[in-house]
Structures are given as structure tokens and as C-alpha cells.
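Printed here is entry_34.txt (compact mmCIF, C-alpha atoms):
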```txt
# COMPACT_ATOMS: atom_id res chain seq x y z
CA MET A 135 193.83 162.20 211.85
CA THR A 136 192.75 163.17 208.36
CA PRO A 137 192.89 159.78 206.61
CA ASN A 138 191.75 161.11 203.24
CA THR A 139 194.53 163.69 202.88
CA GLY A 140 196.85 162.81 200.06
CA VAL A 141 194.55 160.23 198.46
CA ALA A 142 194.77 160.42 194.66
CA TRP A 143 191.01 160.05 194.08
CA LEU A 144 189.99 159.08 190.54
CA THR A 145 189.48 161.92 188.06
CA GLY A 146 186.13 162.19 186.23
CA GLU A 147 187.59 160.40 183.21
CA GLU A 148 189.16 157.65 185.34
CA ASP A 149 185.92 157.22 187.27
CA ALA A 150 183.96 156.78 184.01
CA ALA A 151 186.56 154.30 182.74
CA TRP A 152 186.52 152.33 186.00
CA ARG A 153 182.74 152.19 186.43
CA GLY A 154 182.39 151.22 182.78
CA TRP A 155 185.13 148.59 183.19
CA ILE A 156 183.36 147.00 186.18
CA GLU A 157 179.95 146.89 184.54
CA ALA A 158 181.09 145.84 181.05
CA THR A 159 183.45 143.12 182.27
CA GLN A 160 180.90 141.70 184.73
CA ARG A 161 177.98 141.75 182.26
CA ILE A 162 180.01 140.26 179.39
CA ALA A 163 181.42 137.49 181.62
CA ALA A 164 177.94 136.69 182.99
CA ALA A 165 176.30 136.62 179.55
CA ILE A 166 179.00 134.39 178.03
CA GLU A 167 178.94 132.05 181.04
CA HIS A 168 175.15 131.83 180.81
CA ASP A 169 175.28 130.92 177.10
CA LEU A 170 178.05 128.37 177.62
CA ARG A 171 176.25 126.59 180.48
CA ASN A 172 173.00 126.49 178.51
CA ASP A 173 174.60 125.26 175.30
CA SER A 174 177.21 122.82 176.58
CA GLY A 175 176.90 122.36 180.37
CA LEU A 176 180.40 123.80 180.82
CA THR A 177 181.29 126.76 183.02
CA PHE A 178 183.59 129.41 181.62
CA ASP A 179 186.41 128.16 183.87
CA ASP A 180 185.82 124.58 182.64
CA TYR A 181 186.05 125.81 179.07
CA GLU A 182 189.30 127.67 179.78
CA VAL A 183 190.83 124.50 181.27
CA LEU A 184 189.83 122.43 178.23
CA VAL A 185 191.19 125.06 175.78
CA THR A 186 194.48 125.34 177.67
CA LEU A 187 194.95 121.55 177.71
CA SER A 188 193.99 121.24 174.02
CA GLU A 189 196.86 123.62 173.15
CA ALA A 190 199.46 121.99 175.43
CA ASP A 191 202.05 119.41 174.32
CA GLY A 192 200.47 115.97 174.51
CA ARG A 193 197.24 117.69 175.63
CA ALA A 194 198.71 117.59 179.17
CA GLN A 195 199.79 120.21 181.67
CA ARG A 196 201.09 120.13 185.24
CA MET A 197 198.35 121.06 187.69
CA SER A 198 200.48 123.88 189.14
CA GLU A 199 201.04 125.43 185.70
CA LEU A 200 197.41 124.99 184.74
CA ALA A 201 196.32 126.88 187.88
CA MET A 202 198.58 129.80 186.95
CA SER A 203 197.65 129.94 183.29
CA THR A 204 193.90 129.82 184.00
CA VAL A 205 193.99 132.25 186.99
CA GLN A 206 192.52 129.73 189.46
CA SER A 207 193.68 128.79 192.94
CA ALA A 208 195.22 125.31 193.24
CA SER A 209 192.35 124.11 195.44
CA ARG A 210 189.60 125.38 193.15
CA LEU A 211 191.34 123.96 190.10
CA SER A 212 191.69 120.58 191.81
CA GLN A 213 187.94 120.45 192.48
CA ARG A 214 187.26 121.50 188.89
CA ILE A 215 189.53 118.75 187.52
CA ASP A 216 187.70 116.21 189.72
CA ARG A 217 184.36 117.24 188.23
CA LEU A 218 185.73 117.21 184.66
CA ALA A 219 187.29 113.77 185.34
CA ASP A 220 183.92 112.47 186.62
CA ARG A 221 182.49 113.44 183.23
CA GLY A 222 185.36 111.75 181.38
CA LEU A 223 186.66 115.01 179.88
CA VAL A 224 190.10 114.98 181.58
CA GLU A 225 192.29 112.47 183.39
CA ARG A 226 194.84 112.90 186.16
CA ARG A 227 198.20 111.29 185.44
CA PRO A 228 201.11 111.09 187.91
CA CYS A 229 204.30 112.87 186.90
CA GLU A 230 207.13 110.40 186.23
CA GLU A 231 210.02 112.64 187.28
CA ASP A 232 208.34 114.19 190.30
CA LYS A 233 206.40 111.79 192.53
CA ARG A 234 204.38 114.59 194.17
CA GLY A 235 203.41 116.12 190.82
CA TRP A 236 200.31 115.47 188.75
CA PHE A 237 199.34 116.25 185.20
CA ALA A 238 195.85 116.97 183.91
CA VAL A 239 195.31 115.39 180.48
CA LEU A 240 192.55 116.14 177.98
CA THR A 241 190.78 112.95 176.88
CA ASP A 242 189.38 112.30 173.40
CA GLU A 243 185.95 112.85 174.89
CA GLY A 244 187.11 116.17 176.36
CA LEU A 245 188.43 117.27 172.98
CA ALA A 246 185.13 116.29 171.36
CA SER A 247 183.17 118.27 173.99
CA LEU A 248 185.36 121.30 173.39
CA ALA A 249 184.91 121.00 169.62
CA ALA A 250 181.15 120.75 170.08
CA ALA A 251 181.00 123.77 172.42
CA ALA A 252 183.36 126.03 170.45
CA PRO A 253 181.10 127.28 167.61
CA GLY A 254 178.33 128.40 169.99
CA HIS A 255 180.86 129.92 172.36
CA VAL A 256 182.55 131.95 169.60
CA GLU A 257 179.14 133.15 168.45
CA SER A 258 178.39 134.25 172.04
CA VAL A 259 181.73 136.08 172.34
CA ARG A 260 180.94 137.90 169.06
CA ARG A 261 177.39 138.81 170.10
CA ASN A 262 178.38 140.01 173.58
CA LEU A 263 181.69 141.73 172.76
CA PHE A 264 182.97 142.01 169.18
CA ASP A 265 179.66 143.01 167.58
CA HIS A 266 179.89 146.20 169.68
CA LEU A 267 183.48 147.03 168.73
CA SER A 268 184.94 148.76 165.67
CA PRO A 269 188.04 147.32 163.95
CA ASP A 270 190.06 150.12 165.65
CA ASP A 271 188.65 149.12 169.05
CA VAL A 272 189.85 145.55 168.46
CA VAL A 273 193.36 146.74 167.57
CA THR A 274 193.37 148.87 170.74
CA LEU A 275 192.24 145.99 172.97
CA ALA A 276 194.64 143.51 171.34
CA GLU A 277 197.49 145.79 172.47
CA MET A 278 196.11 147.07 175.80
CA MET A 279 194.68 143.93 177.41
CA PRO A 280 197.75 141.66 177.05
CA ARG A 281 199.86 144.57 178.37
CA LEU A 282 197.63 144.89 181.46
CA ALA A 283 197.75 141.11 181.99
CA SER A 284 201.54 141.07 181.67
CA SER A 285 201.94 143.54 184.55
CA PHE A 286 200.92 140.63 186.79
CA HIS A 287 203.53 138.33 185.24
CA ALA A 288 206.22 140.89 186.11
CA ALA A 289 204.86 141.13 189.67
CA ARG A 290 204.98 137.33 190.01
CA ALA A 291 208.55 137.14 188.69
CA HIS A 292 209.64 139.68 191.33
CA ALA A 293 207.81 137.73 194.06
CA ASP A 294 209.76 134.62 193.04
CA ASP A 295 213.15 136.40 193.35
CA MET B 285 176.78 117.17 159.28
CA THR B 286 179.69 119.60 159.30
CA PRO B 287 178.86 121.64 162.39
CA ASN B 288 181.86 123.97 162.10
CA THR B 289 181.01 125.19 158.61
CA GLY B 290 180.04 128.83 158.60
CA VAL B 291 181.44 129.58 162.05
CA ALA B 292 183.00 133.05 162.14
CA TRP B 293 186.07 132.00 164.15
CA LEU B 294 188.01 134.84 165.78
CA THR B 295 190.72 136.51 163.68
CA GLY B 296 194.27 136.65 165.07
CA GLU B 297 193.68 140.21 166.30
CA GLU B 298 190.33 139.31 167.89
CA ASP B 299 191.85 136.25 169.52
CA ALA B 300 194.64 138.37 171.07
CA ALA B 301 192.07 140.93 172.27
CA TRP B 302 189.82 138.23 173.75
CA ARG B 303 192.57 136.23 175.50
CA GLY B 304 194.02 139.48 176.85
CA TRP B 305 190.55 140.60 177.96
CA ILE B 306 189.95 137.37 179.88
CA GLU B 307 193.31 137.37 181.62
CA ALA B 308 193.50 141.11 182.38
CA THR B 309 189.93 141.38 183.66
CA GLN B 310 190.28 138.25 185.83
CA ARG B 311 193.67 139.19 187.28
CA ILE B 312 192.68 142.80 187.98
CA ALA B 313 189.40 141.75 189.64
CA ALA B 314 191.21 139.12 191.76
CA ALA B 315 193.96 141.52 192.86
CA ILE B 316 191.54 144.29 193.79
CA GLU B 317 189.26 141.85 195.64
CA HIS B 318 192.28 140.46 197.53
CA ASP B 319 193.39 143.95 198.62
CA LEU B 320 189.88 144.99 199.64
CA ARG B 321 189.29 141.86 201.77
CA ASN B 322 192.67 142.25 203.46
CA ASP B 323 192.28 145.96 204.14
CA SER B 324 188.61 146.24 205.05
CA GLY B 325 187.01 142.78 205.28
CA LEU B 326 184.67 143.68 202.40
CA THR B 327 184.26 141.74 199.17
CA PHE B 328 184.21 143.67 195.92
CA ASP B 329 180.46 143.02 195.60
CA ASP B 330 179.93 144.29 199.18
CA TYR B 331 181.84 147.45 198.29
CA GLU B 332 179.74 147.98 195.14
CA VAL B 333 176.53 147.69 197.16
CA LEU B 334 177.75 150.23 199.74
CA VAL B 335 178.88 152.69 197.02
CA THR B 336 175.58 152.37 195.15
CA LEU B 337 173.56 153.00 198.33
CA SER B 338 175.80 155.92 199.37
CA GLU B 339 174.95 157.64 196.07
CA ALA B 340 171.18 156.92 196.18
CA ASP B 341 168.51 159.35 197.46
CA GLY B 342 168.21 158.90 201.21
CA ARG B 343 171.01 156.29 200.97
CA ALA B 344 168.26 153.77 200.10
CA GLN B 345 167.42 151.68 197.06
CA ARG B 346 164.81 149.07 196.25
CA MET B 347 166.30 145.59 196.40
CA SER B 348 165.20 144.87 192.81
CA GLU B 349 166.94 148.01 191.49
CA LEU B 350 170.03 147.35 193.57
CA ALA B 351 170.32 143.85 192.05
CA MET B 352 170.18 145.31 188.54
CA SER B 353 172.61 148.17 189.16
CA THR B 354 175.19 145.93 190.84
CA VAL B 355 174.86 143.01 188.36
CA GLN B 356 173.85 140.44 191.03
CA SER B 357 171.01 137.95 191.04
CA ALA B 358 168.16 138.76 193.46
CA SER B 359 168.96 135.70 195.59
CA ARG B 360 172.69 136.40 195.87
CA LEU B 361 172.01 140.07 196.65
CA SER B 362 169.54 139.09 199.37
CA GLN B 363 172.17 136.89 201.08
CA ARG B 364 174.73 139.68 200.77
CA ILE B 365 172.35 142.23 202.34
CA ASP B 366 171.73 139.77 205.22
CA ARG B 367 175.47 139.56 205.90
CA LEU B 368 175.94 143.34 205.63
CA ALA B 369 172.94 143.82 207.97
CA ASP B 370 174.46 141.39 210.51
CA ARG B 371 177.51 143.68 210.57
CA GLY B 372 175.31 146.78 210.98
CA LEU B 373 176.34 148.27 207.62
CA VAL B 374 172.88 148.24 205.99
CA GLU B 375 169.26 147.86 207.13
CA ARG B 376 166.24 146.42 205.37
CA ARG B 377 163.19 148.72 205.40
CA PRO B 378 159.74 147.78 204.08
CA CYS B 379 158.45 149.85 201.17
CA GLU B 380 155.44 151.95 202.20
CA GLU B 381 153.66 151.99 198.83
CA ASP B 382 154.32 148.35 197.92
CA LYS B 383 153.85 145.83 200.72
CA ARG B 384 155.93 143.16 198.96
CA GLY B 385 158.80 145.55 198.31
CA TRP B 386 161.89 146.15 200.45
CA PHE B 387 164.55 148.81 200.49
CA ALA B 388 168.17 148.38 201.49
CA VAL B 389 169.41 151.41 203.44
CA LEU B 390 173.02 152.36 204.19
CA THR B 391 173.51 152.98 207.93
CA ASP B 392 175.87 155.59 209.43
CA GLU B 393 178.17 152.70 210.31
CA GLY B 394 178.02 151.49 206.69
CA LEU B 395 178.93 154.96 205.44
CA ALA B 396 181.83 155.09 207.91
CA SER B 397 183.08 151.66 206.75
CA LEU B 398 182.91 152.78 203.14
CA ALA B 399 184.79 156.00 203.92
CA ALA B 400 187.46 154.00 205.77
CA ALA B 401 187.84 151.48 202.90
CA ALA B 402 187.81 153.97 200.03
CA PRO B 403 191.39 155.39 200.18
CA GLY B 404 193.01 151.94 200.17
CA HIS B 405 190.63 150.72 197.48
CA VAL B 406 191.37 153.67 195.18
CA GLU B 407 195.09 153.08 195.71
CA SER B 408 194.59 149.42 194.74
CA VAL B 409 192.62 150.37 191.59
CA ARG B 410 195.45 152.74 190.60
CA ARG B 411 198.17 150.17 191.27
CA ASN B 412 196.39 147.33 189.43
CA LEU B 413 194.89 149.28 186.52
CA PHE B 414 195.55 153.00 186.05
CA ASP B 415 199.30 152.90 186.74
CA HIS B 416 199.59 150.73 183.60
CA LEU B 417 197.52 153.02 181.36
CA SER B 418 198.46 156.17 179.46
CA PRO B 419 196.13 159.21 179.54
CA ASP B 420 195.00 158.24 176.00
CA ASP B 421 194.20 154.70 177.19
CA VAL B 422 191.97 156.18 179.92
CA VAL B 423 190.10 158.34 177.39
CA THR B 424 189.61 155.25 175.21
CA LEU B 425 188.29 153.11 178.08
CA ALA B 426 186.05 155.91 179.39
CA GLU B 427 184.28 155.84 176.02
CA MET B 428 184.46 152.12 175.17
CA MET B 429 183.54 150.44 178.46
CA PRO B 430 180.31 152.37 179.18
CA ARG B 431 179.31 151.74 175.53
CA LEU B 432 179.85 147.97 175.95
CA ALA B 433 177.91 148.01 179.23
CA SER B 434 175.03 149.94 177.64
CA SER B 435 174.51 147.24 175.00
CA PHE B 436 173.09 145.14 177.85
CA HIS B 437 170.72 147.93 178.91
CA ALA B 438 169.29 148.00 175.39
CA ALA B 439 168.91 144.20 175.45
CA ARG B 440 167.07 144.41 178.77
CA ALA B 441 164.75 147.14 177.47
CA HIS B 442 163.82 144.90 174.50
CA ALA B 443 163.28 141.92 176.79
CA ASP B 444 160.84 144.02 178.85
CA ASP B 445 158.77 144.97 175.76
```
Could the structure of this file be written out as C-alpha cells, please?
Amino acid sequence: MTPNTGVAWLTGEEDAAWRGWIEATQRIAAAIEHDLRNDSGLTFDDYEVLVTLSEADGRAQRMSELAMSTVQSASRLSQRIDRLADRGLVERRPCEEDKRGWFAVLTDEGLASLAAAAPGHVESVRRNLFDHLSPDDVVTLAEMMPRLASSFHAARAHADD
Amino acid sequence: MTPNTGVAWLTGEEDAAWRGWIEATQRIAAAIEHDLRNDSGLTFDDYEVLVTLSEADGRAQRMSELAMSTVQSASRLSQRIDRLADRGLVERRPCEEDKRGWFAVLTDEGLASLAAAAPGHVESVRRNLFDHLSPDDVVTLAEMMPRLASSFHAARAHADD
């Protein structure tokens, strides 16, 4: 029993990349969440839901699609939509074709809250991320990060086969 | 009152980088956490605490330093250490010089749990991140991510002035 035989441990360069990835992604997410809560009373996941709905046809999206596009479990998203509905920022609307299905819909008040939060949020994203990146870094990330995200879309498509 | 005047909205390239950043970092963290819980019963934050202690002098670190190095609030870290202590993986030890201070110490059982979890965790990190990166991508991230993380160290140093 030599369980560690054959393990492809991280190289020095990979280890630096991975430790840096963990710390940078956690600190940036925490700082931006902190700013957003202070400025607008929204969590980062709330904000993502509002943005996604604001860009959807009729400002509405099926709950199941919204969970996938915002990387949230169906149960957590459902609780989040309840809280946003309590504040008047979204509404639940039954799906006409599918009696078990529900849509989340962005209200006018939700759109106004998003519009009010956006300038401060963008400033926070700049201060915590883009102010520390060169133009070349941005080009690199604009190619690399969507590619990394898309590897999960491929995995999901295979799982659905 | 035109609150959006003067806002430096994200450029197309920045927007792609930021949306990709959010999705990639969230999906990778969720996938690695899922694998770690399934394989070893540890959360990602548990694993980070055990790694940090395993690399510290005498496998011990002050609670306040451990909170900073693992990007956790003092209260959340304290609850986590309680749960890890219940499982025999860490111990709390009072600090001899400072009567209000406490150390967290990795036990032999904690070190054994970490050693048992590590091969599967490294495999998960490769499958979810490094398998989708070229050698050049790794060099780029090994420079960029620690630099982004260090911008928060500088901010903390100023806040302590």
C-alpha cells in the first residue's frame, strides 16, 4: 500500500499558480461582496440574478435556467428569489406551457435597484481587479477565463447524453 | 442628478474577462469542493486550514494569523477549528506568552487525514483547472495571481498604519 505512488503532484510553477489563484479569487470575491453589501444591501449572488434577468427576454427566465446560468443550486436560488421577491425586486410567475415550471421576473423596482447599484459595483470591480492588471493581462483573461468556464458546459452536455 | 455620468463602465474586453472570471472561479471552486467532500469529508476551507498548519513551525499557528492566511473571519475560523477538533484533526493550545491568545495545532490524525486526502485533491485540481491550461497559461497565472493577491496585503499594511 503506497497510496502516493503515481500521483502527479503539482510542479513549483503549478503550485504558485494554484495558491495564487485561491488567494486572489477569494480576496477579490470577498472585497467586492463587502462593497456591494455596504453600498446597496445586495449580495454578489443577488446582483448576478438581477443582471441575468435584466438581460433576458422580457426580463424573465425559467428558474431552472437561472440556477444554471448563475451557478447556484435550485434550492439556494429558490430561497434567494423569495428574499428578492420580499423586497419587491423580482416576481415569480407561473409558466403557461408547463404547469410545474416557474419564471423569475425582474420588476421595475428591481431594475431601478440594479441601476443604482451598478456604478459603485463597477468601481469596486475596477479597484479590486482591473486596476492591478495591464491591458495585456485583460486580453489574456478575456480568452482564458471563458475557456475554463466552458469546460464545465462540455462536461454538462456529456452528462445529459 | 445624473448618477451614471462619469462611470468608467467595463470595456467589451474587460466585460468578457470579468464574466469569465466569475463563472470560471465559481465553477472550479464548486467542483473541487464537491470532489473533496465526497472523497474525504473535508470542505475546501477545512483542507486549507490543515495544509497551512502542516507547513507551520511545530504544525501550530496563532488563530489570528491562521484567519488571515486562510482568508476567513475570526468567528468562522473559530467554528471551523471546533469542528476539526471534534474530529481529532486539530487541537487548541493556549499561548504561553499571551494569556488571551490561542494556537491551533495539527494532530497526527489531522496530518494523516491530509495525507490521505491530498492525492485525490491534486487529481481534482488537475482535472478542473490544469488539464485546461497550456504551459504558457500556467506561467502567466503563476505571475498574475500572486500579484493580484498581494495587492490586498499592501492594503492591509496601510490599514494597520
Return as a ChimeraX atom specification the residues belonging to chain B that are within 9 Å of chain A, counting only C-alpha atoms. /B:287-288,291-294,297-314,353-355,399-400,402-404,406-407,409-410,412-414,416-417,421-436
Just C-alpha atoms for this one: save the residues we selected as an mmCIF file, keeping the file's coordinate frame.
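In the end it all went to out18.cif:
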```
data_model
loop_
_atom_site.group_PDB
_atom_site.id
_atom_site.type_symbol
_atom_site.label_atom_id
_atom_site.label_comp_id
_atom_site.auth_asym_id
_atom_site.auth_seq_id
_atom_site.Cartn_x
_atom_site.Cartn_y
_atom_site.Cartn_z
ATOM 1 C CA PRO B 287 178.860 121.640 162.390
ATOM 2 C CA ASN B 288 181.860 123.970 162.100
ATOM 3 C CA VAL B 291 181.440 129.580 162.050
ATOM 4 C CA ALA B 292 183.000 133.050 162.140
ATOM 5 C CA TRP B 293 186.070 132.000 164.150
ATOM 6 C CA LEU B 294 188.010 134.840 165.780
ATOM 7 C CA GLU B 297 193.680 140.210 166.300
ATOM 8 C CA GLU B 298 190.330 139.310 167.890
ATOM 9 C CA ASP B 299 191.850 136.250 169.520
ATOM 10 C CA ALA B 300 194.640 138.370 171.070
ATOM 11 C CA ALA B 301 192.070 140.930 172.270
ATOM 12 C CA TRP B 302 189.820 138.230 173.750
ATOM 13 C CA ARG B 303 192.570 136.230 175.500
ATOM 14 C CA GLY B 304 194.020 139.480 176.850
ATOM 15 C CA TRP B 305 190.550 140.600 177.960
ATOM 16 C CA ILE B 306 189.950 137.370 179.880
ATOM 17 C CA GLU B 307 193.310 137.370 181.620
ATOM 18 C CA ALA B 308 193.500 141.110 182.380
ATOM 19 C CA THR B 309 189.930 141.380 183.660
ATOM 20 C CA GLN B 310 190.280 138.250 185.830
ATOM 21 C CA ARG B 311 193.670 139.190 187.280
ATOM 22 C CA ILE B 312 192.680 142.800 187.980
ATOM 23 C CA ALA B 313 189.400 141.750 189.640
ATOM 24 C CA ALA B 314 191.210 139.120 191.760
ATOM 25 C CA SER B 353 172.610 148.170 189.160
ATOM 26 C CA THR B 354 175.190 145.930 190.840
ATOM 27 C CA VAL B 355 174.860 143.010 188.360
ATOM 28 C CA ALA B 399 184.790 156.000 203.920
ATOM 29 C CA ALA B 400 187.460 154.000 205.770
ATOM 30 C CA ALA B 402 187.810 153.970 200.030
ATOM 31 C CA PRO B 403 191.390 155.390 200.180
ATOM 32 C CA GLY B 404 193.010 151.940 200.170
ATOM 33 C CA VAL B 406 191.370 153.670 195.180
ATOM 34 C CA GLU B 407 195.090 153.080 195.710
ATOM 35 C CA VAL B 409 192.620 150.370 191.590
ATOM 36 C CA ARG B 410 195.450 152.740 190.600
ATOM 37 C CA ASN B 412 196.390 147.330 189.430
ATOM 38 C CA LEU B 413 194.890 149.280 186.520
ATOM 39 C CA PHE B 414 195.550 153.000 186.050
ATOM 40 C CA HIS B 416 199.590 150.730 183.600
ATOM 41 C CA LEU B 417 197.520 153.020 181.360
ATOM 42 C CA ASP B 421 194.200 154.700 177.190
ATOM 43 C CA VAL B 422 191.970 156.180 179.920
ATOM 44 C CA VAL B 423 190.100 158.340 177.390
ATOM 45 C CA THR B 424 189.610 155.250 175.210
ATOM 46 C CA LEU B 425 188.290 153.110 178.080
ATOM 47 C CA ALA B 426 186.050 155.910 179.390
ATOM 48 C CA GLU B 427 184.280 155.840 176.020
ATOM 49 C CA MET B 428 184.460 152.120 175.170
ATOM 50 C CA MET B 429 183.540 150.440 178.460
ATOM 51 C CA PRO B 430 180.310 152.370 179.180
ATOM 52 C CA ARG B 431 179.310 151.740 175.530
ATOM 53 C CA LEU B 432 179.850 147.970 175.950
ATOM 54 C CA ALA B 433 177.910 148.010 179.230
ATOM 55 C CA SER B 434 175.030 149.940 177.640
ATOM 56 C CA SER B 435 174.510 147.240 175.000
ATOM 57 C CA PHE B 436 173.090 145.140 177.850
#
```
Fit target chain B, mobile chain A, all Cα in order, as a short mmCIF file (atom, residue, chain, number, x, y, z; two decimals) with C-alpha atoms, keeping the file's coordinate frame:
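Writing done, so here's out25.cif:
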```cif
data_model
loop_
_atom_site.label_atom_id
_atom_site.label_comp_id
_atom_site.auth_asym_id
_atom_site.auth_seq_id
_atom_site.Cartn_x
_atom_site.Cartn_y
_atom_site.Cartn_z
CA MET A 135 176.98 117.06 159.40
CA THR A 136 179.77 119.60 159.32
CA PRO A 137 178.97 121.64 162.45
CA ASN A 138 181.92 124.00 162.06
CA THR A 139 180.99 125.21 158.57
CA GLY A 140 180.02 128.83 158.59
CA VAL A 141 181.42 129.59 162.05
CA ALA A 142 183.00 133.06 162.12
CA TRP A 143 186.06 132.00 164.15
CA LEU A 144 188.00 134.85 165.78
CA THR A 145 190.71 136.50 163.68
CA GLY A 146 194.27 136.67 165.07
CA GLU A 147 193.67 140.21 166.30
CA GLU A 148 190.32 139.32 167.89
CA ASP A 149 191.84 136.25 169.52
CA ALA A 150 194.63 138.37 171.06
CA ALA A 151 192.07 140.93 172.26
CA TRP A 152 189.82 138.23 173.74
CA ARG A 153 192.56 136.24 175.48
CA GLY A 154 194.02 139.47 176.83
CA TRP A 155 190.54 140.60 177.95
CA ILE A 156 189.95 137.36 179.88
CA GLU A 157 193.31 137.37 181.62
CA ALA A 158 193.49 141.11 182.37
CA THR A 159 189.92 141.36 183.66
CA GLN A 160 190.25 138.24 185.83
CA ARG A 161 193.66 139.18 187.28
CA ILE A 162 192.67 142.81 187.98
CA ALA A 163 189.39 141.75 189.65
CA ALA A 164 191.20 139.13 191.76
CA ALA A 165 193.97 141.51 192.85
CA ILE A 166 191.54 144.30 193.80
CA GLU A 167 189.26 141.86 195.65
CA HIS A 168 192.26 140.46 197.53
CA ASP A 169 193.39 143.95 198.61
CA LEU A 170 189.88 144.98 199.64
CA ARG A 171 189.29 141.86 201.76
CA ASN A 172 192.67 142.24 203.45
CA ASP A 173 192.29 145.95 204.14
CA SER A 174 188.62 146.22 205.06
CA GLY A 175 187.00 142.75 205.27
CA LEU A 176 184.66 143.68 202.41
CA THR A 177 184.27 141.74 199.18
CA PHE A 178 184.20 143.66 195.93
CA ASP A 179 180.46 143.01 195.61
CA ASP A 180 179.92 144.29 199.18
CA TYR A 181 181.83 147.44 198.30
CA GLU A 182 179.75 147.97 195.15
CA VAL A 183 176.53 147.68 197.18
CA LEU A 184 177.76 150.22 199.75
CA VAL A 185 178.89 152.68 197.02
CA THR A 186 175.58 152.37 195.16
CA LEU A 187 173.57 153.00 198.34
CA SER A 188 175.81 155.92 199.37
CA GLU A 189 174.95 157.65 196.06
CA ALA A 190 171.19 156.92 196.18
CA ASP A 191 168.52 159.34 197.45
CA GLY A 192 168.21 158.91 201.20
CA ARG A 193 171.01 156.31 200.98
CA ALA A 194 168.26 153.79 200.11
CA GLN A 195 167.44 151.70 197.07
CA ARG A 196 164.81 149.07 196.25
CA MET A 197 166.30 145.59 196.40
CA SER A 198 165.20 144.87 192.81
CA GLU A 199 166.93 148.00 191.49
CA LEU A 200 170.03 147.35 193.56
CA ALA A 201 170.32 143.84 192.06
CA MET A 202 170.20 145.30 188.54
CA SER A 203 172.60 148.15 189.15
CA THR A 204 175.20 145.92 190.84
CA VAL A 205 174.86 142.99 188.36
CA GLN A 206 173.86 140.45 191.03
CA SER A 207 171.01 137.95 191.05
CA ALA A 208 168.17 138.77 193.47
CA SER A 209 168.96 135.71 195.60
CA ARG A 210 172.68 136.42 195.87
CA LEU A 211 172.03 140.07 196.65
CA SER A 212 169.55 139.10 199.37
CA GLN A 213 172.16 136.90 201.07
CA ARG A 214 174.72 139.69 200.75
CA ILE A 215 172.35 142.23 202.34
CA ASP A 216 171.74 139.78 205.21
CA ARG A 217 175.47 139.55 205.89
CA LEU A 218 175.94 143.34 205.63
CA ALA A 219 172.93 143.82 207.97
CA ASP A 220 174.47 141.38 210.49
CA ARG A 221 177.50 143.68 210.55
CA GLY A 222 175.32 146.77 210.98
CA LEU A 223 176.35 148.28 207.62
CA VAL A 224 172.88 148.24 205.99
CA GLU A 225 169.28 147.87 207.12
CA ARG A 226 166.24 146.44 205.37
CA ARG A 227 163.21 148.72 205.41
CA PRO A 228 159.74 147.79 204.09
CA CYS A 229 158.43 149.85 201.19
CA GLU A 230 155.43 151.96 202.23
CA GLU A 231 153.65 152.00 198.86
CA ASP A 232 154.32 148.38 197.94
CA LYS A 233 153.84 145.84 200.74
CA ARG A 234 155.92 143.17 198.97
CA GLY A 235 158.81 145.56 198.32
CA TRP A 236 161.89 146.16 200.45
CA PHE A 237 164.54 148.83 200.49
CA ALA A 238 168.17 148.39 201.49
CA VAL A 239 169.42 151.42 203.45
CA LEU A 240 173.02 152.38 204.21
CA THR A 241 173.53 152.99 207.93
CA ASP A 242 175.88 155.57 209.44
CA GLU A 243 178.17 152.70 210.31
CA GLY A 244 178.04 151.48 206.70
CA LEU A 245 178.95 154.94 205.44
CA ALA A 246 181.84 155.09 207.91
CA SER A 247 183.09 151.65 206.76
CA LEU A 248 182.92 152.77 203.14
CA ALA A 249 184.80 155.98 203.95
CA ALA A 250 187.46 153.98 205.77
CA ALA A 251 187.85 151.46 202.93
CA ALA A 252 187.82 153.96 200.05
CA PRO A 253 191.39 155.38 200.17
CA GLY A 254 193.02 151.93 200.17
CA HIS A 255 190.63 150.71 197.49
CA VAL A 256 191.38 153.66 195.18
CA GLU A 257 195.09 153.08 195.70
CA SER A 258 194.59 149.41 194.73
CA VAL A 259 192.60 150.36 191.60
CA ARG A 260 195.45 152.73 190.61
CA ARG A 261 198.18 150.16 191.26
CA ASN A 262 196.39 147.33 189.44
CA LEU A 263 194.88 149.28 186.53
CA PHE A 264 195.56 153.00 186.04
CA ASP A 265 199.30 152.89 186.73
CA HIS A 266 199.57 150.72 183.59
CA LEU A 267 197.51 153.02 181.36
CA SER A 268 198.44 156.17 179.45
CA PRO A 269 196.12 159.22 179.53
CA ASP A 270 194.99 158.23 175.99
CA ASP A 271 194.18 154.70 177.20
CA VAL A 272 191.96 156.18 179.92
CA VAL A 273 190.09 158.34 177.40
CA THR A 274 189.61 155.25 175.21
CA LEU A 275 188.29 153.12 178.08
CA ALA A 276 186.04 155.91 179.40
CA GLU A 277 184.27 155.85 176.01
CA MET A 278 184.46 152.12 175.17
CA MET A 279 183.53 150.44 178.46
CA PRO A 280 180.29 152.36 179.18
CA ARG A 281 179.30 151.74 175.53
CA LEU A 282 179.84 147.97 175.95
CA ALA A 283 177.89 148.01 179.23
CA SER A 284 175.02 149.93 177.64
CA SER A 285 174.50 147.23 174.99
CA PHE A 286 173.08 145.14 177.84
CA HIS A 287 170.71 147.92 178.90
CA ALA A 288 169.30 147.99 175.35
CA ALA A 289 168.92 144.19 175.41
CA ARG A 290 167.04 144.40 178.73
CA ALA A 291 164.72 147.14 177.46
CA HIS A 292 163.80 144.94 174.47
CA ALA A 293 163.21 141.95 176.77
CA ASP A 294 160.78 144.07 178.79
CA ASP A 295 158.73 145.04 175.69
#
```
Any idea what's packed within 7 Å of segment 334-342 of chain B, counting only C-alpha atoms, ignoring anything in its chain fewer than 3 positions away? Could you give it as number ranges by chain? B: 330-331, 345, 389-390, 395, 398
Can those selected residues be exported to a file as a short mmCIF file (atom, residue, chain, number, x, y, z; two decimals), in the coordinates of the input so that it contains C-alpha atoms?
```
data_model
loop_
_atom_site.label_atom_id
_atom_site.label_comp_id
_atom_site.auth_asym_id
_atom_site.auth_seq_id
_atom_site.Cartn_x
_atom_site.Cartn_y
_atom_site.Cartn_z
CA ASP B 330 179.93 144.29 199.18
CA TYR B 331 181.84 147.45 198.29
CA GLN B 345 167.42 151.68 197.06
CA VAL B 389 169.41 151.41 203.44
CA LEU B 390 173.02 152.36 204.19
CA LEU B 395 178.93 154.96 205.44
CA LEU B 398 182.91 152.78 203.14
#
```
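Atom pair atom CA of Thr327 of chain B / atom CA of Arg367 of chain B: separated by 11.3 Å.
Here atom CA of Cys229 of chain A is placed at a distance of 20.3 Å from atom CA of Arg210 of chain A.
Reported to one decimal place, the separation of atom CA of Asn322 of chain B from atom CA of Glu199 of chain A is 25.9 Å.
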From B:Asp392, B:Leu361, B:Met347, B:Ser324, residue lying nearest Pro378 of chain B [all atoms listed in the file]: B:Met347
I'd like to know which of B:His318, B:Leu373, B:Ala388, B:Glu381 is closest to Ala351 of chain B, using all atoms listed in the file.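 With all atoms listed in the file as the atom set, the closest residue is B:Ala388.
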